[in-house]
Each structure stands twice: as structure tokens, then as C-alpha cells.
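These notes concern the structure reproduced below.
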Amino acid sequence: MTTASPRSAWEALAAGPVRFLRTSWPWRVVGWALSGCLVAVVWTVAFLGLVVVPVAALLALLTGVGLADVERRRLRLVDRTAASSPHARPRRPGFVAWFATRFREVATWRELGYAVVFALVLAWLDAAMGLVFCLGLAIVLAPVLIALTPQVQPDELVWFGPYPLLAQLGLSLAGLLLLPVLAYLVTAYVAARVALTRVLLVGRGGPAPHAEVAELTRSRVRLVEAMDAQRRRIERDLHDGAQQRLTGVAMTLGLARLELDGTTGPARELVDRAYEQSRLALAELRELVHGIHPQALVDSGLPAALATLADRSPVPVQLDVTLPARPPAEVEAAAWFIAGEALANVAKHSGAAQAWVRARTSGGAVVLEIGDDGRGGADPAGGTGLVGLADRVSVLGGRITLSSPDGGPTLLTVELPCGP
């Protein structure tokens, strides 16, 4: 049986102290601890250099963003778990939009505070822990270093005086025993520092994905609103343009029929046929206009629009609508659209003899129920449009549930919040 590769230095240490020493993790831990000094020095120079220039003083406040990005990347040395940025993506391209977005974010100021504390304290504590391990390594390698460089003798303050070879070997052996303990100690410290860095620079629960989800939700709401506005414009154009012209054509053909009344021949037959076709086309156009956005929904609200849907359904529909106040326009439009699609599915797929539509308010939301006594077995993956209904409900922050056991009945319940 194979085991998963450790994703962090702490997991590598927990997998077994002896096995940990045979991996590259101790060296990665020490490298991470020592490299922080370089990052701190570079940031300090950049920060002070920008502060003394009046024009660039504001940019100095954003240097914490750069240091935080470096720190998130540097975490990969000791922790392979992704450390995503908590910053939102600017809505517009360009430096000005980026600058304005960063200045409005709490994460920017948290990162600046971290940068100051890191440059003054944390980087040097990290380096001290790394040097502790390096000191133990130097004790282990002391005899080799002395043998390779006889002209350089150890300082009495460091080695407490020159020792004979046997004493040096004993000291090296003691260092060899001490080195694993130092590796474990430094790793435990680095694991705690990594946790602190993640809390301050990534955050608990991952703020960046939440920001992306919020922006995606807003984008979907704007898209639905734009589609509703486009449907209303198409309805208006069809009603005021094509429908009026087609009505005029039908009236003209009707007058022509009156002129040809009592006559026979191909001309009369062609006029009669054109008149019937124009009436059918006008009826289909009116049906299309009604299906885009019913005027009853605009003028009288959701109860009247649902009553129209029930009257037009080929399956008898029992209607029960109790709405003390008129919901917001987007909620009304979504409820009407969902009820229309659901009743169309009932007529096409259920084989039902009876359907019902109920609407009420509960807990600040409109609760819509559409059911039938058909064969049941409705499946969202079956291409019946249920996935599209779920998408429309999710845009408004609502919830949709479907109960459709084989043999029926089928019940679709939708909750559409009316408040912010």
C-alpha cells in the first residue's frame, strides 16, 4: 500500500521522525527560515525609499501587498497547500483601477501590518531558528572543517579552545545526536509560523474564493436583468411593429374578401387562403409575445399572470395564490417564468389529469409550489429544463426542491427571497 506524499513539513514530521530526517524537508525548513531575512531587507529598503519621495509616498503603503505575495509563494517551500490571494480582481483593467481597488480592501492594510512586524521581528526570529540548526550542523562538521582548513583554527569563544582530535570527534558525535532534535524544534517553530502567515495573509476560510463567488453572483444577476430587459424590448417591438403590420394585412385581406364576395375562381381562393394564414400567423405572434413577458404581469402582478397561465394550460390547474403584498419585479418575473416552464413540462411529460399552483409568502420569501398527479420520475438530467430553473432560482439566492417518485405525484417547490 502506498502512502500519500506529505504536503507540509509538519505532515512529514508526523509521518515519522526517522523518515523525516531522510527527506529534503529539514533542509527546506531551514532554507525557509533563513531566506526571510533577505525578503525583510529588500522590503525595508523599498518601503523607506518610497516614503522619502513625496510623490511615491502612497505607493509605500501598498508595498505590503508585494511582500505578502512573496510570502505566499515562499510558503511553497514548507507547505504545498495552495495559498490564494485574498484580494478581489479589479473590475477594470489598468493601474488606476488596481490602485483604487487595493486601497479599499481590508486585506491591504492587514498585509502592511504584517510586513512591518515581519521586517522588524518575525524575519529575525526565523533566521535565529535557522542559525540554531546551522550551529548544530557546524558542530558535527567541525573536525572535517579543521582538517580541510588547518590554517584556520576555531575561535576559543566559539569552540572553547582547540581540542585534540579525539575530543573533536566526541564533540562531533554529540552534535550528530543533537542535530535531529534541532531539526524537530525548528520544524515545529516553522509549522507555527506557517499557520500564523496563513491566518494573516490568506485568512480563515479563504476570503478570495468568497469574493470571487460574490462577484460571480452579481454578474449573473446583471446578466438575468439584461436578458429580462431584452425580452421586454423584443415584446414591445413585436407588439408595436410586426403585430400591428400583420393586423393591417389581415384587415386588408378581409376587405378584399368582401370585395370578392359572391365571386368564384383562383383569385378568391388565394385571398381566402392568405386571409386564413395571416390570422394563424397573427395568433402565433400573439402567443409568442405573451410568452416573452405577459402584460398581465406588468399591470396586475403575479396572481393575474399565474391565472392566465392556468387558463391556457391544456391540463386543468387548481390555483391558490395568497400574496399580501406585491413582490419585487425580479421575483415576480422569476416566479411566472418558473410556473410557465413547470406547467409546460406537466403538459408534455407527466400524463397528468390534474395540476396545481400555489403561491404564498413565508419568512420574507415567495414560496411557489407546482404539482401534478402524473406518472412522476422527473429527472433534471432528462432535458426537461429543470437545470435552467435551478440556475434562475440560484441567481436570486433562492432554493428549489423537486419530489417526483415513480408513479407520482410530482411537486416542485421554489423559495424566492424578497428582501436584500
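In the C-alpha cells, each chain is lettered A, B, ... as it comes, each chain's residues begin at 1, and ligands are numbered from 1 in order of appearance.
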field: Shell around range 10-23 of chain A at 8 Å using only C-alpha atoms, local window under 5 positions removed, as a PyMOL selection string
entry: chain A and resi 180+184+187-188+191
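For Asp320 in chain A, the list of residues within 8 Å, based on only C-alpha atoms and with local chain neighbours fewer than 3 positions off taken out, reads Trp356, Val357, Arg358 and Ala359 of chain A.
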Could you dump the residues just selected with N, CA and C atoms as a JSON list (two decimals), in the first residue's frame?
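Here's the written file part-v4.json:
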```json
[["chain", "number", "residue", "atom", "x", "y", "z"],
["A", 356, "TRP", "N", -51.65, 21.68, -10.00],
["A", 356, "TRP", "CA", -51.99, 22.76, -9.08],
["A", 356, "TRP", "C", -50.80, 23.72, -8.95],
["A", 357, "VAL", "N", -51.13, 24.96, -8.71],
["A", 357, "VAL", "CA", -50.12, 26.00, -8.48],
["A", 357, "VAL", "C", -50.53, 26.76, -7.23],
["A", 358, "ARG", "N", -49.61, 26.81, -6.27],
["A", 358, "ARG", "CA", -49.86, 27.55, -5.03],
["A", 358, "ARG", "C", -48.73, 28.55, -4.83],
["A", 359, "ALA", "N", -49.06, 29.75, -4.39],
["A", 359, "ALA", "CA", -48.08, 30.79, -4.11],
["A", 359, "ALA", "C", -48.46, 31.49, -2.82]]
```
Give me the residues within 12 Å of Val117 in chain A as a PDB file with N, CA, C and O atoms, in the first residue's frame, counting only C-alpha atoms and dropping any in the same chain fewer than 2 places off.
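Result written to result_8.pdb:
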```
ATOM      1  N   ALA A  40      12.935  40.547   4.095  1.00  0.00           N
ATOM      2  CA  ALA A  40      12.727  41.674   5.003  1.00  0.00           C
ATOM      3  C   ALA A  40      13.612  42.860   4.635  1.00  0.00           C
ATOM      4  O   ALA A  40      13.162  44.012   4.656  1.00  0.00           O
ATOM      5  N   TRP A  43      12.326  44.504   1.370  1.00  0.00           N
ATOM      6  CA  TRP A  43      11.097  45.272   1.603  1.00  0.00           C
ATOM      7  C   TRP A  43      11.384  46.549   2.369  1.00  0.00           C
ATOM      8  O   TRP A  43      10.834  47.616   2.042  1.00  0.00           O
ATOM      9  N   THR A  44      12.245  46.478   3.383  1.00  0.00           N
ATOM     10  CA  THR A  44      12.563  47.671   4.173  1.00  0.00           C
ATOM     11  C   THR A  44      13.191  48.752   3.316  1.00  0.00           C
ATOM     12  O   THR A  44      12.837  49.934   3.412  1.00  0.00           O
ATOM     13  N   GLY A  64       3.197  46.399   1.196  1.00  0.00           N
ATOM     14  CA  GLY A  64       2.824  45.189   1.928  1.00  0.00           C
ATOM     15  C   GLY A  64       2.158  44.161   1.037  1.00  0.00           C
ATOM     16  O   GLY A  64       2.264  42.947   1.280  1.00  0.00           O
ATOM     17  N   LEU A  67       5.036  42.245  -0.572  1.00  0.00           N
ATOM     18  CA  LEU A  67       5.679  41.329   0.379  1.00  0.00           C
ATOM     19  C   LEU A  67       4.772  40.147   0.691  1.00  0.00           C
ATOM     20  O   LEU A  67       5.255  39.005   0.792  1.00  0.00           O
ATOM     21  N   ARG A 110      -4.032  44.868   6.385  1.00  0.00           N
ATOM     22  CA  ARG A 110      -3.556  43.742   7.191  1.00  0.00           C
ATOM     23  C   ARG A 110      -2.184  43.286   6.708  1.00  0.00           C
ATOM     24  O   ARG A 110      -1.303  42.961   7.506  1.00  0.00           O
ATOM     25  N   GLU A 111      -1.994  43.268   5.390  1.00  0.00           N
ATOM     26  CA  GLU A 111      -0.697  42.867   4.843  1.00  0.00           C
ATOM     27  C   GLU A 111       0.387  43.885   5.155  1.00  0.00           C
ATOM     28  O   GLU A 111       1.545  43.518   5.385  1.00  0.00           O
ATOM     29  N   LEU A 112       0.030  45.178   5.173  1.00  0.00           N
ATOM     30  CA  LEU A 112       1.022  46.186   5.535  1.00  0.00           C
ATOM     31  C   LEU A 112       1.461  46.011   6.988  1.00  0.00           C
ATOM     32  O   LEU A 112       2.656  46.105   7.311  1.00  0.00           O
ATOM     33  N   GLY A 113       0.500  45.754   7.877  1.00  0.00           N
ATOM     34  CA  GLY A 113       0.857  45.495   9.268  1.00  0.00           C
ATOM     35  C   GLY A 113       1.733  44.268   9.410  1.00  0.00           C
ATOM     36  O   GLY A 113       2.704  44.272  10.194  1.00  0.00           O
ATOM     37  N   TYR A 114       1.405  43.217   8.668  1.00  0.00           N
ATOM     38  CA  TYR A 114       2.245  42.021   8.708  1.00  0.00           C
ATOM     39  C   TYR A 114       3.653  42.334   8.217  1.00  0.00           C
ATOM     40  O   TYR A 114       4.641  41.838   8.791  1.00  0.00           O
ATOM     41  N   ALA A 115       3.759  43.138   7.151  1.00  0.00           N
ATOM     42  CA  ALA A 115       5.072  43.462   6.591  1.00  0.00           C
ATOM     43  C   ALA A 115       5.945  44.173   7.619  1.00  0.00           C
ATOM     44  O   ALA A 115       7.143  43.876   7.755  1.00  0.00           O
ATOM     45  N   ALA A 119       9.307  42.506   9.080  1.00  0.00           N
ATOM     46  CA  ALA A 119      10.627  43.103   8.868  1.00  0.00           C
ATOM     47  C   ALA A 119      11.327  43.424  10.177  1.00  0.00           C
ATOM     48  O   ALA A 119      12.565  43.346  10.264  1.00  0.00           O
ATOM     49  N   LEU A 120      10.563  43.780  11.224  1.00  0.00           N
ATOM     50  CA  LEU A 120      11.178  44.170  12.492  1.00  0.00           C
ATOM     51  C   LEU A 120      11.444  42.993  13.424  1.00  0.00           C
ATOM     52  O   LEU A 120      12.433  43.018  14.174  1.00  0.00           O
ATOM     53  N   VAL A 121      10.576  41.966  13.375  1.00  0.00           N
ATOM     54  CA  VAL A 121      10.679  40.905  14.383  1.00  0.00           C
ATOM     55  C   VAL A 121      10.714  39.507  13.766  1.00  0.00           C
ATOM     56  O   VAL A 121      11.668  38.747  13.973  1.00  0.00           O
ATOM     57  N   LEU A 122       9.671  39.166  13.020  1.00  0.00           N
ATOM     58  CA  LEU A 122       9.477  37.768  12.641  1.00  0.00           C
ATOM     59  C   LEU A 122      10.610  37.228  11.786  1.00  0.00           C
ATOM     60  O   LEU A 122      11.060  36.081  11.983  1.00  0.00           O
ATOM     61  N   ALA A 123      11.074  38.010  10.812  1.00  0.00           N
ATOM     62  CA  ALA A 123      12.136  37.515   9.926  1.00  0.00           C
ATOM     63  C   ALA A 123      13.392  37.171  10.710  1.00  0.00           C
ATOM     64  O   ALA A 123      14.082  36.190  10.397  1.00  0.00           O
ATOM     65  N   TRP A 124      13.671  37.951  11.744  1.00  0.00           N
ATOM     66  CA  TRP A 124      14.897  37.715  12.511  1.00  0.00           C
ATOM     67  C   TRP A 124      14.720  36.554  13.485  1.00  0.00           C
ATOM     68  O   TRP A 124      15.704  35.833  13.762  1.00  0.00           O
ATOM     69  N   LEU A 125      13.525  36.361  14.007  1.00  0.00           N
ATOM     70  CA  LEU A 125      13.273  35.152  14.805  1.00  0.00           C
ATOM     71  C   LEU A 125      13.411  33.902  13.932  1.00  0.00           C
ATOM     72  O   LEU A 125      13.977  32.880  14.364  1.00  0.00           O
ATOM     73  N   THR A 197       1.150  32.872   9.287  1.00  0.00           N
ATOM     74  CA  THR A 197       1.176  33.536   7.981  1.00  0.00           C
ATOM     75  C   THR A 197      -0.109  33.287   7.218  1.00  0.00           C
ATOM     76  O   THR A 197      -0.659  34.195   6.578  1.00  0.00           O
ATOM     77  N   LEU A 200      -2.966  35.467   8.604  1.00  0.00           N
ATOM     78  CA  LEU A 200      -2.854  36.891   8.326  1.00  0.00           C
ATOM     79  C   LEU A 200      -2.881  37.217   6.835  1.00  0.00           C
ATOM     80  O   LEU A 200      -3.386  38.268   6.442  1.00  0.00           O
TER      81      LEU A 200
END
```
message: Using DSSP assignments from the backbone, pull out every residue in range 336-378 of chain A that falls under strand (DSSP E or B) and give it to me as a PyMOL selection string.
response: chain A and resi 355-362+365-372
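The smallest atom-to-atom distance between Ala325 in chain A and any of A:Gly364, A:Pro90, A:Gly371, A:Gly130, using only C-alpha atoms, is found for A:Gly364.
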message: Taking only C-alpha atoms into account, name the residue in A:Glu71, A:Ala355, A:Arg257, A:Ala365 that is nearest to Leu323 in chain A.
response: A:Ala365
Residues within 8 Å of Val271 in chain A, please, as a PDB file with all heavy atoms, in the first residue's frame. Count only C-alpha atoms; anything in the same chain fewer than 2 positions from it doesn't count.
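Output contents, as saved in part_36.pdb:
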```
ATOM      1  N   LEU A 253     -56.806  41.958 -46.251  1.00  0.00           N
ATOM      2  CA  LEU A 253     -57.283  40.741 -46.896  1.00  0.00           C
ATOM      3  C   LEU A 253     -58.767  40.512 -46.604  1.00  0.00           C
ATOM      4  O   LEU A 253     -59.519  39.999 -47.451  1.00  0.00           O
ATOM      5  CB  LEU A 253     -56.453  39.540 -46.419  1.00  0.00           C
ATOM      6  CG  LEU A 253     -54.999  39.501 -46.919  1.00  0.00           C
ATOM      7  CD1 LEU A 253     -54.237  38.376 -46.226  1.00  0.00           C
ATOM      8  CD2 LEU A 253     -54.965  39.297 -48.434  1.00  0.00           C
ATOM      9  N   ALA A 256     -60.588  42.650 -48.925  1.00  0.00           N
ATOM     10  CA  ALA A 256     -60.535  42.061 -50.266  1.00  0.00           C
ATOM     11  C   ALA A 256     -61.537  40.921 -50.399  1.00  0.00           C
ATOM     12  O   ALA A 256     -62.169  40.741 -51.454  1.00  0.00           O
ATOM     13  CB  ALA A 256     -59.118  41.570 -50.561  1.00  0.00           C
ATOM     14  N   ARG A 257     -61.712  40.140 -49.323  1.00  0.00           N
ATOM     15  CA  ARG A 257     -62.702  39.057 -49.360  1.00  0.00           C
ATOM     16  C   ARG A 257     -64.110  39.625 -49.544  1.00  0.00           C
ATOM     17  O   ARG A 257     -64.941  39.056 -50.260  1.00  0.00           O
ATOM     18  CB  ARG A 257     -62.648  38.242 -48.065  1.00  0.00           C
ATOM     19  CG  ARG A 257     -61.382  37.419 -47.892  1.00  0.00           C
ATOM     20  CD  ARG A 257     -61.466  36.604 -46.626  1.00  0.00           C
ATOM     21  NE  ARG A 257     -62.483  35.565 -46.737  1.00  0.00           N
ATOM     22  CZ  ARG A 257     -63.006  34.914 -45.702  1.00  0.00           C
ATOM     23  NH1 ARG A 257     -62.632  35.231 -44.479  1.00  0.00           N
ATOM     24  NH2 ARG A 257     -63.904  33.980 -45.889  1.00  0.00           N
ATOM     25  N   ALA A 267     -58.586  33.656 -57.868  1.00  0.00           N
ATOM     26  CA  ALA A 267     -58.289  34.849 -57.075  1.00  0.00           C
ATOM     27  C   ALA A 267     -58.972  34.779 -55.712  1.00  0.00           C
ATOM     28  O   ALA A 267     -58.365  35.097 -54.670  1.00  0.00           O
ATOM     29  CB  ALA A 267     -58.741  36.098 -57.827  1.00  0.00           C
ATOM     30  N   ARG A 268     -60.231  34.362 -55.690  1.00  0.00           N
ATOM     31  CA  ARG A 268     -60.959  34.265 -54.417  1.00  0.00           C
ATOM     32  C   ARG A 268     -60.323  33.217 -53.508  1.00  0.00           C
ATOM     33  O   ARG A 268     -60.168  33.431 -52.293  1.00  0.00           O
ATOM     34  CB  ARG A 268     -62.426  33.937 -54.695  1.00  0.00           C
ATOM     35  CG  ARG A 268     -63.271  33.672 -53.436  1.00  0.00           C
ATOM     36  CD  ARG A 268     -63.227  34.903 -52.517  1.00  0.00           C
ATOM     37  NE  ARG A 268     -63.861  34.621 -51.239  1.00  0.00           N
ATOM     38  CZ  ARG A 268     -65.138  34.920 -50.963  1.00  0.00           C
ATOM     39  NH1 ARG A 268     -65.901  35.492 -51.878  1.00  0.00           N
ATOM     40  NH2 ARG A 268     -65.642  34.647 -49.800  1.00  0.00           N
ATOM     41  N   GLU A 269     -59.916  32.102 -54.079  1.00  0.00           N
ATOM     42  CA  GLU A 269     -59.290  31.041 -53.282  1.00  0.00           C
ATOM     43  C   GLU A 269     -57.967  31.505 -52.683  1.00  0.00           C
ATOM     44  O   GLU A 269     -57.656  31.224 -51.510  1.00  0.00           O
ATOM     45  CB  GLU A 269     -59.080  29.804 -54.150  1.00  0.00           C
ATOM     46  CG  GLU A 269     -60.384  29.131 -54.591  1.00  0.00           C
ATOM     47  CD  GLU A 269     -60.118  27.931 -55.486  1.00  0.00           C
ATOM     48  OE1 GLU A 269     -58.933  27.627 -55.696  1.00  0.00           O
ATOM     49  OE2 GLU A 269     -61.094  27.317 -55.938  1.00  0.00           O
ATOM     50  N   ARG A 273     -57.185  31.909 -48.725  1.00  0.00           N
ATOM     51  CA  ARG A 273     -56.058  31.189 -48.115  1.00  0.00           C
ATOM     52  C   ARG A 273     -55.098  32.177 -47.425  1.00  0.00           C
ATOM     53  O   ARG A 273     -54.632  31.930 -46.313  1.00  0.00           O
ATOM     54  CB  ARG A 273     -55.316  30.410 -49.187  1.00  0.00           C
ATOM     55  CG  ARG A 273     -54.238  29.491 -48.616  1.00  0.00           C
ATOM     56  CD  ARG A 273     -53.497  28.782 -49.739  1.00  0.00           C
ATOM     57  NE  ARG A 273     -54.436  28.106 -50.642  1.00  0.00           N
ATOM     58  CZ  ARG A 273     -54.064  27.589 -51.812  1.00  0.00           C
ATOM     59  NH1 ARG A 273     -52.808  27.706 -52.240  1.00  0.00           N
ATOM     60  NH2 ARG A 273     -54.956  26.980 -52.584  1.00  0.00           N
ATOM     61  N   ALA A 274     -54.811  33.306 -48.094  1.00  0.00           N
ATOM     62  CA  ALA A 274     -53.924  34.298 -47.481  1.00  0.00           C
ATOM     63  C   ALA A 274     -54.529  34.877 -46.214  1.00  0.00           C
ATOM     64  O   ALA A 274     -53.835  35.132 -45.214  1.00  0.00           O
ATOM     65  CB  ALA A 274     -53.619  35.413 -48.495  1.00  0.00           C
ATOM     66  N   TYR A 275     -55.857  35.075 -46.218  1.00  0.00           N
ATOM     67  CA  TYR A 275     -56.518  35.609 -45.025  1.00  0.00           C
ATOM     68  C   TYR A 275     -56.405  34.645 -43.846  1.00  0.00           C
ATOM     69  O   TYR A 275     -56.094  35.053 -42.715  1.00  0.00           O
ATOM     70  CB  TYR A 275     -57.984  35.908 -45.351  1.00  0.00           C
ATOM     71  CG  TYR A 275     -58.767  36.413 -44.176  1.00  0.00           C
ATOM     72  CD1 TYR A 275     -58.572  37.707 -43.698  1.00  0.00           C
ATOM     73  CD2 TYR A 275     -59.712  35.599 -43.547  1.00  0.00           C
ATOM     74  CE1 TYR A 275     -59.302  38.172 -42.613  1.00  0.00           C
ATOM     75  CE2 TYR A 275     -60.438  36.059 -42.459  1.00  0.00           C
ATOM     76  CZ  TYR A 275     -60.215  37.347 -41.992  1.00  0.00           C
ATOM     77  OH  TYR A 275     -60.938  37.815 -40.911  1.00  0.00           O
TER      78      TYR A 275
END
```
- prompt: Any idea what the distance is between CA of Val140 in chain A and CA of Leu179 in chain A?
  reply: 8.1 Å
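Ranking A:Ser35, A:Arg375, A:Val30, A:Thr247 by their shortest atom-to-atom distance to Leu182 in chain A, with only C-alpha atoms included, puts A:Val30 first.
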task: Report the distance between CA of Leu62 in chain A and CA of Ala97 in chain A in Å, rounded to one decimal place.
output: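 Interatomic distance, CA of Leu62 in chain A to CA of Ala97 in chain A: 13.8 Å.
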field: Among the residues A:Val190, A:Val53, A:Ala127, A:Val393, the one that comes closest to Ser8 in chain A [using only C-alpha atoms]
entry: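 Ranking A:Val190, A:Val53, A:Ala127, A:Val393 by distance to Ser8 in chain A, first place goes to A:Val190.
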message: Restricting the calculation to only C-alpha atoms: of A:Gly36, A:Gly340, A:Pro324, A:Gly136, which residue gets closest to Arg312 in chain A?
response: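 Counting only C-alpha atoms, the residue closest to Arg312 in chain A is A:Gly340.
Pairwise distance (CA of Ala307 in chain A, CA of Ala281 in chain A) equals 25.0 Å.
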query: Of the residues A:Leu196, A:Gly377, A:Gly94, A:Thr252, which is the one nearest to Arg72 in chain A, using only C-alpha atoms?
result: A:Leu196
task: Enumerate as a PyMOL selection string all residues of range 34-87 of chain A assigned to alpha helix (DSSP H) by DSSP on the backbone, naming them with the chain letters and numbers the document uses.
output: chain A and resi 34-51+57-60+63-74
